[in-house]
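One structure is given below, encoded as structure tokens.
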Amino acid sequence: MPELETRCRVAVDIGGTFTDFCVFDEAAGELRTLKILSTPEAPGEEVMQGIAELDRRYGQPAAGIGFFTHGTTVGVNTVIQRRGAALALFTTREFEDVLEVARLKTPDPYDIFSRRPAPLAPRERVYGIAERVLKDGSVETPVDPADVRRAVAAAKAAGADTIVVALLHAYANPANERAVRDAILEAAPEMAVTLSSDVWPVIREYERTVTATVAGYVQRRVAAYIGSLQAALSAAGVPAEPMITKSNGGIMAAELGKTDPIAMLLSGTASGAIGAADAAARIGAPDVLSFDVGGTSADVAVVQGGKPAFGTGELVGEFPIYVPTVSVTSIGAGGGSIAWVDDFGVLKVGPESAGSAPGPACYGKGGERPTVTDAFVTMGLLGADELGYGAVRLDRAAAERAVGAIAARLSLGLSEAAESIVDVAVSGMYLEVAKLMSRRGADPRAFALLAFGGAGPMLGVLFARELGIARVIVPPTPGVLSAYGGLIADIRNDFIRTAFVDLDAGGLAALEELAAELEAQALAWLREEQGFEGEAYLGWSADMRYLGQSYEIETVIDRADIRAGRASALADAFHDEHERVYDHADAEAPVQAVNLRLTVSGAVPKPALADAAAAPGPAAPRGRAAVFLDGAVREASLYVRADLLPGQHFSGPAVVSQDDCTTVIPPGFAAEVDLRSNLILTREG
Amino acid sequence: MPIDKVTLEILKNHTRAAAESMAYTLYRTAHSTFVKETEDFTTGLTTPDGETFATPTELGATWFVGLNYGRAIGMIDDYRPGDIAMTNDPYSGFVSTHSPDMHIWKPVFHEGEIVAFSVGHIHNTDVGGAVPASLSRTLSEIHQEGVRIPPVKILEEGALNRQVLDIFLANVRAPDQNWGDLKAQIAACNTGERKVHEMIARFGRDTFREGVADLLDYAEAQARAIVRTLPNGTYPFADYMDEDSVDGRPCRMKLTVIIRDDELIFDFTGSDPQLESSLNMPTGGDERHVLLLVGMTYVLYSLDRSLYLNSGVARVCRCILPSGTMVNPVFPAAVGMRTLSCYRLHGLTFGAFAQAAPDRMAGAPGSGGPIMNVNTIDNRTGRRIMAAISPMSGGGGGRAMEDGPDGSGANQGFLKNTPTEVNEAEAGIKVLRFGLARDSAGPGLHRGGLGTELVFQAFSPNTRVTARNRDRTVFTGWGIEGGRPGAASKFIRNPGTNREVDLRNTDILTIGPGDVIHVTCGGAGGWGDPFRRDPDAVLLDWRRGWVSTEHAREAYGVVIAGGAVDIPATGALRAARPNGKANGFYDLGPERSAFEAVWTDANYDALTECLAVLPVNWRFYAKHRIFDTIEMLDPAARRGDGSEVRAAFDALRAEFPQLDTARG
């Protein structure tokens, strides 16, 4: 049916509990969504179910899917569940303890029994290779293939199926790592080999090694998963070559994920932030906190000037990875967080969560302990409808039983106890976000909050009040914003080379050489590996610092300044950035460029969403209900999201329910539906 | 009236958010690299009386939970809105504990009344004095340790006190850094002030004030509940630093922990007299001084990590601090290197608590590794390089349920290393090895953690290496419950050559091109009988390169041959037990046992008793004279009951009649 080609674009985000579909129907110019239960035991199965469901529900046949992108947690789960490869690690001899020593610091330095997590490559399968590259990239001791063969034999005997090679100064010269790889493959062609200089060639041996280790650990499983997904999509008749979302907020051909799995590990949270940034930018809110709350965690990203903040060292399970990643702070508090009372009568919420099994008491799936969701049910704010497209029905009596136990401990009424649980949960989130904002030197009151995820709109306004935020945005399909982020993301990849030069004539010549190499590498990726033919965007930056500092700041730079040898222009860019980040700069101090970075991207067509016609006026509630909010029983108006038309407005207390979430609007906040069907909640007065 | 327990938890989260925000503000805006590398700073909020009720735990030094600003606050008569006071003087108010630590505090007013103080400190890289960085073991008077600023307003109603600032900056080596860091501190205090105002707006003044008092009570109640899980009793323990001064005599710290229901008493009687080096700990005789209680806070928090950390925790303990001793020195004793004494006290505290809770505590933490700097010339650029290279840290002790963590842990979990690639790129050295030191762990059923090990080579003449906090060359970290001590730390120049030099506890030296330095941190102590350790666990350590074949045989009675455990040989060896069992609860190691064969507990107690009656300025001298006398004593004449020490003391008094009339 060739007439169906490219009729729709599909993005899928697979989470721990639910799998979200976001579909853009190009003919109708409309977004459609779908949520189904994930099948963690058979990854990919839910995708097939969803594609069938799209046809049934929306009449979108698989053959009409002209673009397919998806984010998966297969890689992350491989690490968390420790189900990855049997790794061996080859290091430079005398540096075999690199993963054990890490950067020394323990997870909780106040706890004298705190310890770092056991590495993914156990120390007994770490083998030192007699070789040495010096800091300038010169090879002092070349690799002896016989030495490598001995290590391979030992690794094989110890049961390794994957070898990670991470040698000192490989960022400056990968020759020895490559020679080791060649020797490994000659001796054992069945081995999977990961080189630190391929994964992310940056100075600092622990950071590079641990990143390569995570990559090697997940590579086989991710590749197998992508392979089976490709086959299943093809069998289902989906014509599109699948893409996958990346931790850097972009997308790439799924095929590339087979060899570059590290780039996609944290794609789920990254696409949420990308979706949030896009949704906020479309309504003129460039500075936004994205607030994605699910069952077990609240993921918060800072978006400034329409761009999400990036970070390195983001955690995959217990392990930091040092590739460019949209920075998302995960707070261990969500709808499933359990409330309890300590020995001193003080109410606590979390960090323990009922998760999706057994889930909150109100899910009726065996959970008995009170959760945040149970508190909302007890307050009368949840339960008018169903969650998750009929996947879950709410049992109010069970919620009240669970919350009742807390009420008895605190000598409070049931409703007061329920609201106390919510207030404590919100104050815990406040603590984490206050830290995040002061780390960046930003004032939350200048931000809007974009609330999404299953529990985000429920908690959003309550949380915004605590932070002093005056405006909360709830997008039309808050349950599937991460999937939406995949739909609008660009093709994108990052490249880095360590330079470690002073900004002088010699340093700039070295930078120019590296820049030319990076440019060729980036364009080859975009054109040849990715097969993208549109316009290429190149974003240049450098990690710079003052001489003597031990930390760098990534600074956006102009490629032309390198080419023209304008050292002072590069230094000025750094002084400005230092001033912005740290509130001070030293224009006299010498500057070093530690790393040169290049991001290449290619734009994919964005959904053209039409503005709806405005129908100004008060919205009509479906009904009214007694709810408990701000210490009193109040009569709240109940709305159904699908009824609300652009231009309509109403005031809290109110509850808006829709397929996959519920929005709670306390007194003092007014709601308005904008032309793109976002709910805009604004503090009154 | 106490506030309700829901509001208390919410207020707790808000006060913590305030303290953490202050810390991030300071960290973000501080100028000196030192602050960003070492995080040696604090921020916090105190009551009007100076009790800290909010403290950050994500950033900053771990030592200052419960620091009391009360005495320093009281040294300024009149506060007005916009004032900020500061001091770095270890003898004025006893809030700063060595001169590089500049503490500042700002009153927070609400309706004309002080409701809180917003406080914090930064360790300045240099505050002047006899040596760069202001710290050296060789210094003997506070005046050599840099400029001293007694409590003074640096801001008066928001206006900078330029004269005071100029005096401060005129006396330091890198004034731009100090001024930049001070501005960051002021920014952090302003953040704290704003947060207090926000909390009062959110909760109301009365709820805030009551709630703050309740937060202190809450932490105290939690701490008392933890203490109550420990058996009542008197638990004396002592530990040593190798030297009380450069090339000096051993230095004993003695602590008797007394547990009575939910109260603790820390009796420091029997600790060394005030030292003529900078290892003294300035506590001003404050029976709850924070420096004395760091180890206690570590222990209580580690036994129950729900403990909320603030000054309330300190209320469970009271210290007995004889005056004129290293834990309560009198002016003008130098105090700059109290860091080393503090480390030793942490371990000593862990050891005393181990008697009370042998199944919950661990062997000695790894110790004695230095903070290292290299100062050299880059041969390529001719530029002088001053670089902090990796701090050498040790692991945690073994304990009932598991081996100690390797490389870092216990009271050194906050340290961060410098990557080898960065050391080579920046410090003008080549690193030959960095990792865990083989055979350094204290053997045990559950062994202690391994220490870190660094071997590097220099390429330029006149390369100066400083190694602050070197120790544990002689006395090693003890094991408990049959566990053995960790290995001694090492500091060797040109190991394995005919130019080899054992540098022992040297903390500064100059090396030349081609010279190799090998440094290790001492290992942590083991827990339980190593001859009962699972042979497969020993084999795993052997395969990991952490235990040698010889050490497996000698320390664990495990015979490894052909890459496997020789089970019959192991059984036979273990049955014969050639090295005997550890005696008693602690295994203190042969060096300390040999020392204590002469310097028995009774002898050392007699020494500190005798010295306590002398004027303070005589004590260090008298200690060394008595050590000389005891050293020369005919072994047959040694009784170890204190009598030979008293005899030596009497001889000294006879030699110096002026002692009987002298006043200290």
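In the structure tokens, each chain is lettered A, B, ... as it comes, each chain's residues begin at 1, and ligands are numbered from 1 in order of appearance.
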
Practice task
Would you please give, as a PyMOL selection string, all residues of region 262-367 of chain A that DSSP assigns to strand (DSSP E or B) based on the backbone?
Solution key: chain A and resi 288-293+298-304+307-308+310-311+314-316+319-321+325-326+329-331+337-341+347-353

Contact check, chain A to chain B, at most 7 Å, counting only C-alpha atoms, closest pairs as CSV:
```
residue,atom,partner,partner_atom,distance
A:Glu94,CA,B:Arg433,CA,4.9
A:Phe95,CA,B:Phe434,CA,5.7
A:Asp97,CA,B:Gly435,CA,5.1
A:Val98,CA,B:Gly435,CA,6.7
A:Val101,CA,B:Gly407,CA,5.8
A:Arg103,CA,B:Asn417,CA,5.4
A:Leu104,CA,B:Lys416,CA,5.2
A:Lys105,CA,B:Gly413,CA,5.1
A:Thr106,CA,B:Gly413,CA,4.9
A:Pro109,CA,B:Gly413,CA,4.6
A:Tyr110,CA,B:Tyr298,CA,6.0
A:Asp111,CA,B:Ser302,CA,4.7
A:Ile112,CA,B:Ala410,CA,3.7
A:Phe113,CA,B:Ala410,CA,6.0
A:Ser114,CA,B:Gly409,CA,6.6
A:Arg115,CA,B:Pro405,CA,5.6
A:Arg123,CA,B:Arg544,CA,5.6
A:Glu124,CA,B:Arg544,CA,4.6
A:Lys135,CA,B:Ala425,CA,5.8
A:Leu168,CA,B:Glu421,CA,6.9
A:His169,CA,B:Glu421,CA,6.5
A:Ile203,CA,B:Glu421,CA,6.6
A:Arg204,CA,B:Pro419,CA,5.6
A:Glu205,CA,B:Glu421,CA,6.4
A:Gly345,CA,B:Lys5,CA,6.4
A:Val346,CA,B:Lys5,CA,4.8
A:Leu347,CA,B:Val6,CA,5.6
A:Ser420,CA,B:Val6,CA,6.3
A:Val424,CA,B:Ile10,CA,5.6
A:Ser427,CA,B:Ile10,CA,5.6
A:Gly428,CA,B:Asn13,CA,6.0
A:Leu431,CA,B:Ala17,CA,4.7
A:Ala434,CA,B:Ala17,CA,6.0
A:Lys435,CA,B:Ser21,CA,5.4
A:Ser438,CA,B:Ser21,CA,5.3
A:Arg439,CA,B:Tyr24,CA,5.1
A:Gly441,CA,B:Thr25,CA,6.9
A:Gln549,CA,B:Thr33,CA,5.5
A:Ser550,CA,B:Thr33,CA,6.9
A:Tyr582,CA,B:Thr29,CA,4.7
A:Asp583,CA,B:Thr29,CA,6.0
```

What would the file look like if the residues just selected were written as a PDB file, in the first residue's frame with C-alpha atoms?
```
ATOM      1  CA  GLU A  94      50.826  -1.408  37.314  1.00  0.00           C
ATOM      2  CA  PHE A  95      47.455   0.317  36.944  1.00  0.00           C
ATOM      3  CA  ASP A  97      43.357  -1.335  40.259  1.00  0.00           C
ATOM      4  CA  VAL A  98      41.938   1.620  38.324  1.00  0.00           C
ATOM      5  CA  VAL A 101      40.471   2.881  43.395  1.00  0.00           C
ATOM      6  CA  ARG A 103      38.332   8.500  42.463  1.00  0.00           C
ATOM      7  CA  LEU A 104      38.597   7.282  46.067  1.00  0.00           C
ATOM      8  CA  LYS A 105      35.578   9.129  47.452  1.00  0.00           C
ATOM      9  CA  THR A 106      32.966   6.825  48.987  1.00  0.00           C
ATOM     10  CA  PRO A 109      31.686   9.913  53.534  1.00  0.00           C
ATOM     11  CA  TYR A 110      29.864  10.341  56.869  1.00  0.00           C
ATOM     12  CA  ASP A 111      29.366   6.570  57.019  1.00  0.00           C
ATOM     13  CA  ILE A 112      32.599   4.850  58.030  1.00  0.00           C
ATOM     14  CA  PHE A 113      31.314   1.606  56.504  1.00  0.00           C
ATOM     15  CA  SER A 114      30.427   3.155  53.141  1.00  0.00           C
ATOM     16  CA  ARG A 115      32.043   1.506  50.126  1.00  0.00           C
ATOM     17  CA  ARG A 123      39.578  -7.370  39.649  1.00  0.00           C
ATOM     18  CA  GLU A 124      40.526 -11.033  39.096  1.00  0.00           C
ATOM     19  CA  LYS A 135      51.249  12.203  27.972  1.00  0.00           C
ATOM     20  CA  LEU A 168      46.958   5.180  29.899  1.00  0.00           C
ATOM     21  CA  HIS A 169      46.896   8.239  27.613  1.00  0.00           C
ATOM     22  CA  ILE A 203      41.750  12.485  29.662  1.00  0.00           C
ATOM     23  CA  ARG A 204      41.303  10.956  33.171  1.00  0.00           C
ATOM     24  CA  GLU A 205      41.825   7.238  33.221  1.00  0.00           C
ATOM     25  CA  GLY A 345       7.014   9.993  65.895  1.00  0.00           C
ATOM     26  CA  VAL A 346       8.329  11.905  62.881  1.00  0.00           C
ATOM     27  CA  LEU A 347       6.596  11.343  59.556  1.00  0.00           C
ATOM     28  CA  SER A 420       0.729  15.427  55.714  1.00  0.00           C
ATOM     29  CA  VAL A 424       6.378  15.779  53.513  1.00  0.00           C
ATOM     30  CA  SER A 427       9.266  19.102  51.005  1.00  0.00           C
ATOM     31  CA  GLY A 428      11.697  16.270  50.249  1.00  0.00           C
ATOM     32  CA  LEU A 431      15.218  19.915  49.236  1.00  0.00           C
ATOM     33  CA  ALA A 434      16.789  23.665  45.914  1.00  0.00           C
ATOM     34  CA  LYS A 435      20.241  22.036  45.817  1.00  0.00           C
ATOM     35  CA  SER A 438      21.807  26.644  43.854  1.00  0.00           C
ATOM     36  CA  ARG A 439      24.403  24.432  42.204  1.00  0.00           C
ATOM     37  CA  GLY A 441      23.200  29.666  40.729  1.00  0.00           C
ATOM     38  CA  GLN A 549      42.726  24.796  38.162  1.00  0.00           C
ATOM     39  CA  SER A 550      41.776  21.135  38.341  1.00  0.00           C
ATOM     40  CA  TYR A 582      31.263  31.296  38.986  1.00  0.00           C
ATOM     41  CA  ASP A 583      30.449  35.007  39.209  1.00  0.00           C
TER      42      ASP A 583
END
```

Practice task
List every residue of region 379-610 of chain A that DSSP, applied to the backbone, labels as alpha helix (DSSP H), and write the result as a PyMOL selection string.
Solution key: chain A and resi 396-410+414-440+456-467+481-488+505-524+559-563+567-582

Handout entry: From B:Thr87, B:Thr506, B:Thr600, B:Thr376, residue lying nearest Asp641 (chain B) [only C-alpha atoms]
Key = B:Thr600

Practice task
Write out as a list in words the residues lying within 10 Å of Ala352 (chain B), counting only C-alpha atoms and excluding same-chain residues fewer than 2 positions away.
Solution key: Thr234, Tyr235, Pro236, Phe237, Ala238, Lys254, Leu255, Thr256, Val257, Ile258, Phe266, Gly347, Leu348, Thr349, Phe350, Ala354, Gln355, Ala356, Ala357, Pro358 and Met361 of chain B

Practice task
Could you give me, as number ranges by chain, the residues within 12 Å of Val10 (chain A), counting only C-alpha atoms and dropping anything in the same chain fewer than 6 positions from it?
Solution key: A: 20-26, 31-34, 47, 50-51, 54, 60-71, 238-244, 480, 483-488, 607

Practice task
Please identify all polymer residues within 9 Å of Thr125 (chain B), counting only C-alpha atoms, omitting same-chain residues fewer than 6 positions from it, and present them as an MDAnalysis selection string.
Solution key: chainID B and resid 32:35 100 132:134 174 177:178

Write to file, as a PDB file, in the first residue's frame, the residues of the selection just made, with C-alpha atoms.
```
ATOM      1  CA  SER B  32      40.858  29.200  45.047  1.00  0.00           C
ATOM      2  CA  THR B  33      41.393  25.860  43.391  1.00  0.00           C
ATOM      3  CA  PHE B  34      42.083  24.439  46.851  1.00  0.00           C
ATOM      4  CA  VAL B  35      38.453  24.916  47.894  1.00  0.00           C
ATOM      5  CA  PRO B 100      43.932  28.888  57.621  1.00  0.00           C
ATOM      6  CA  PRO B 132      53.948  28.909  52.515  1.00  0.00           C
ATOM      7  CA  ALA B 133      50.481  27.473  53.198  1.00  0.00           C
ATOM      8  CA  SER B 134      51.052  28.383  56.878  1.00  0.00           C
ATOM      9  CA  ALA B 174      48.151  35.344  47.676  1.00  0.00           C
ATOM     10  CA  GLN B 177      42.695  34.250  46.550  1.00  0.00           C
ATOM     11  CA  ASN B 178      41.804  35.050  50.157  1.00  0.00           C
TER      12      ASN B 178
END
```

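By only C-alpha atoms, and with residues fewer than 3 positions from Asp576 (chain A) along its chain excluded, the set lying at most 12 Å from it is Met544, Arg545, Ile553, Glu554, Thr555, Val556, Ile557, Ala569, Leu570, Ala571, Asp572, Ala573, Glu579, Arg580, Val581, Tyr582, Asp583, His584, Ala585, Asp586 and Ala587 of chain A.
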
Mind dumping the selected residues with N, CA and C atoms as a PDB file, in the first residue's frame?
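Result saved to selection-v1.pdb:
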```pdb
ATOM      1  N   MET A 544      37.789  24.394  29.035  1.00  0.00           N
ATOM      2  CA  MET A 544      38.945  25.241  29.340  1.00  0.00           C
ATOM      3  C   MET A 544      39.031  25.514  30.832  1.00  0.00           C
ATOM      4  N   ARG A 545      40.194  26.008  31.228  1.00  0.00           N
ATOM      5  CA  ARG A 545      40.396  26.354  32.632  1.00  0.00           C
ATOM      6  C   ARG A 545      41.574  27.306  32.751  1.00  0.00           C
ATOM      7  N   ILE A 553      35.594  24.197  32.383  1.00  0.00           N
ATOM      8  CA  ILE A 553      34.247  24.627  32.035  1.00  0.00           C
ATOM      9  C   ILE A 553      34.111  24.484  30.527  1.00  0.00           C
ATOM     10  N   GLU A 554      33.039  23.848  30.106  1.00  0.00           N
ATOM     11  CA  GLU A 554      32.782  23.752  28.670  1.00  0.00           C
ATOM     12  C   GLU A 554      32.331  25.121  28.175  1.00  0.00           C
ATOM     13  N   THR A 555      33.031  25.614  27.163  1.00  0.00           N
ATOM     14  CA  THR A 555      32.789  26.955  26.656  1.00  0.00           C
ATOM     15  C   THR A 555      32.507  26.876  25.165  1.00  0.00           C
ATOM     16  N   VAL A 556      31.430  27.481  24.752  1.00  0.00           N
ATOM     17  CA  VAL A 556      31.116  27.507  23.324  1.00  0.00           C
ATOM     18  C   VAL A 556      32.132  28.398  22.621  1.00  0.00           C
ATOM     19  N   ILE A 557      32.698  27.912  21.518  1.00  0.00           N
ATOM     20  CA  ILE A 557      33.714  28.699  20.810  1.00  0.00           C
ATOM     21  C   ILE A 557      33.383  28.769  19.327  1.00  0.00           C
ATOM     22  N   ALA A 569      40.526  35.655  21.503  1.00  0.00           N
ATOM     23  CA  ALA A 569      39.077  35.489  21.354  1.00  0.00           C
ATOM     24  C   ALA A 569      38.612  34.241  22.096  1.00  0.00           C
ATOM     25  N   LEU A 570      39.403  33.170  22.003  1.00  0.00           N
ATOM     26  CA  LEU A 570      39.045  31.944  22.718  1.00  0.00           C
ATOM     27  C   LEU A 570      39.112  32.174  24.229  1.00  0.00           C
ATOM     28  N   ALA A 571      40.168  32.866  24.666  1.00  0.00           N
ATOM     29  CA  ALA A 571      40.311  33.136  26.096  1.00  0.00           C
ATOM     30  C   ALA A 571      39.161  34.007  26.587  1.00  0.00           C
ATOM     31  N   ASP A 572      38.781  34.994  25.774  1.00  0.00           N
ATOM     32  CA  ASP A 572      37.680  35.876  26.190  1.00  0.00           C
ATOM     33  C   ASP A 572      36.381  35.086  26.358  1.00  0.00           C
ATOM     34  N   ALA A 573      36.164  34.156  25.441  1.00  0.00           N
ATOM     35  CA  ALA A 573      34.951  33.331  25.565  1.00  0.00           C
ATOM     36  C   ALA A 573      34.971  32.587  26.896  1.00  0.00           C
ATOM     37  N   GLU A 579      32.865  33.830  34.294  1.00  0.00           N
ATOM     38  CA  GLU A 579      32.108  34.865  35.005  1.00  0.00           C
ATOM     39  C   GLU A 579      30.653  34.424  35.182  1.00  0.00           C
ATOM     40  N   ARG A 580      30.087  33.840  34.111  1.00  0.00           N
ATOM     41  CA  ARG A 580      28.684  33.441  34.167  1.00  0.00           C
ATOM     42  C   ARG A 580      28.473  32.296  35.176  1.00  0.00           C
ATOM     43  N   VAL A 581      29.388  31.342  35.146  1.00  0.00           N
ATOM     44  CA  VAL A 581      29.201  30.169  35.998  1.00  0.00           C
ATOM     45  C   VAL A 581      29.592  30.440  37.448  1.00  0.00           C
ATOM     46  N   TYR A 582      30.715  31.144  37.633  1.00  0.00           N
ATOM     47  CA  TYR A 582      31.263  31.296  38.986  1.00  0.00           C
ATOM     48  C   TYR A 582      31.165  32.714  39.529  1.00  0.00           C
ATOM     49  N   ASP A 583      30.594  33.613  38.776  1.00  0.00           N
ATOM     50  CA  ASP A 583      30.449  35.007  39.209  1.00  0.00           C
ATOM     51  C   ASP A 583      31.755  35.778  39.262  1.00  0.00           C
ATOM     52  N   HIS A 584      32.834  35.239  38.744  1.00  0.00           N
ATOM     53  CA  HIS A 584      34.070  36.008  38.683  1.00  0.00           C
ATOM     54  C   HIS A 584      34.960  35.437  37.601  1.00  0.00           C
ATOM     55  N   ALA A 585      35.907  36.232  37.130  1.00  0.00           N
ATOM     56  CA  ALA A 585      36.851  35.790  36.103  1.00  0.00           C
ATOM     57  C   ALA A 585      38.138  36.563  36.296  1.00  0.00           C
ATOM     58  N   ASP A 586      39.220  36.067  35.711  1.00  0.00           N
ATOM     59  CA  ASP A 586      40.511  36.733  35.834  1.00  0.00           C
ATOM     60  C   ASP A 586      41.094  36.902  34.435  1.00  0.00           C
ATOM     61  N   ALA A 587      40.849  38.069  33.862  1.00  0.00           N
ATOM     62  CA  ALA A 587      41.221  38.306  32.460  1.00  0.00           C
ATOM     63  C   ALA A 587      42.724  38.255  32.244  1.00  0.00           C
TER      64      ALA A 587
END
```

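Contact shell of region 623-626 of chain B at 8 Å (only C-alpha atoms; same-chain neighbours under 3 positions omitted): B:Arg249, B:Leu607, B:Leu611, B:Arg619, B:Phe620, B:Thr629, B:Ile630, B:Val645, B:Ala648, B:Phe649, B:Leu652.
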
Selected residues written out, C-alpha atoms, as a PDB file, in the first residue's frame:
```
ATOM      1  CA  ARG B 249      59.305  10.661  70.505  1.00  0.00           C
ATOM      2  CA  LEU B 607      54.351  10.016  82.835  1.00  0.00           C
ATOM      3  CA  LEU B 611      53.906  16.045  83.693  1.00  0.00           C
ATOM      4  CA  ARG B 619      56.203  19.473  80.008  1.00  0.00           C
ATOM      5  CA  PHE B 620      57.433  18.657  76.514  1.00  0.00           C
ATOM      6  CA  THR B 629      66.240   8.147  81.001  1.00  0.00           C
ATOM      7  CA  ILE B 630      63.915   5.207  80.467  1.00  0.00           C
ATOM      8  CA  VAL B 645      58.952   6.772  85.416  1.00  0.00           C
ATOM      9  CA  ALA B 648      63.086   9.466  86.485  1.00  0.00           C
ATOM     10  CA  PHE B 649      60.725  12.344  87.180  1.00  0.00           C
ATOM     11  CA  LEU B 652      64.578  15.570  86.921  1.00  0.00           C
TER      12      LEU B 652
END
```

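Checking B:Arg574, B:Arg638, B:His143, B:Arg194 one by one against Tyr556 (chain B), counting only C-alpha atoms, you find the shortest gap at B:Arg574.
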
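Of the listed residues B:Glu210, B:Glu631, B:Asp566, B:Asp587, the one whose atoms come nearest to Gly486 (chain B) is B:Asp587, with distances taken using only C-alpha atoms.
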
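Shortest separation to Gly359 (chain A) among A:Arg393, A:Arg492, A:Gly257, A:Gly685 occurs at residue A:Arg393, atoms counted being only C-alpha atoms.
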
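When only C-alpha atoms are used to compute distances to Ala153 (chain A), the closest of the residues A:Ser138, A:Asp278, A:Ala405, A:Glu186 turns out to be A:Glu186.
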
Handout entry: Atomic separation - CA of Thr599 (chain A) relative to CA of Leu538 (chain A), Å
Key = 5.8 Å
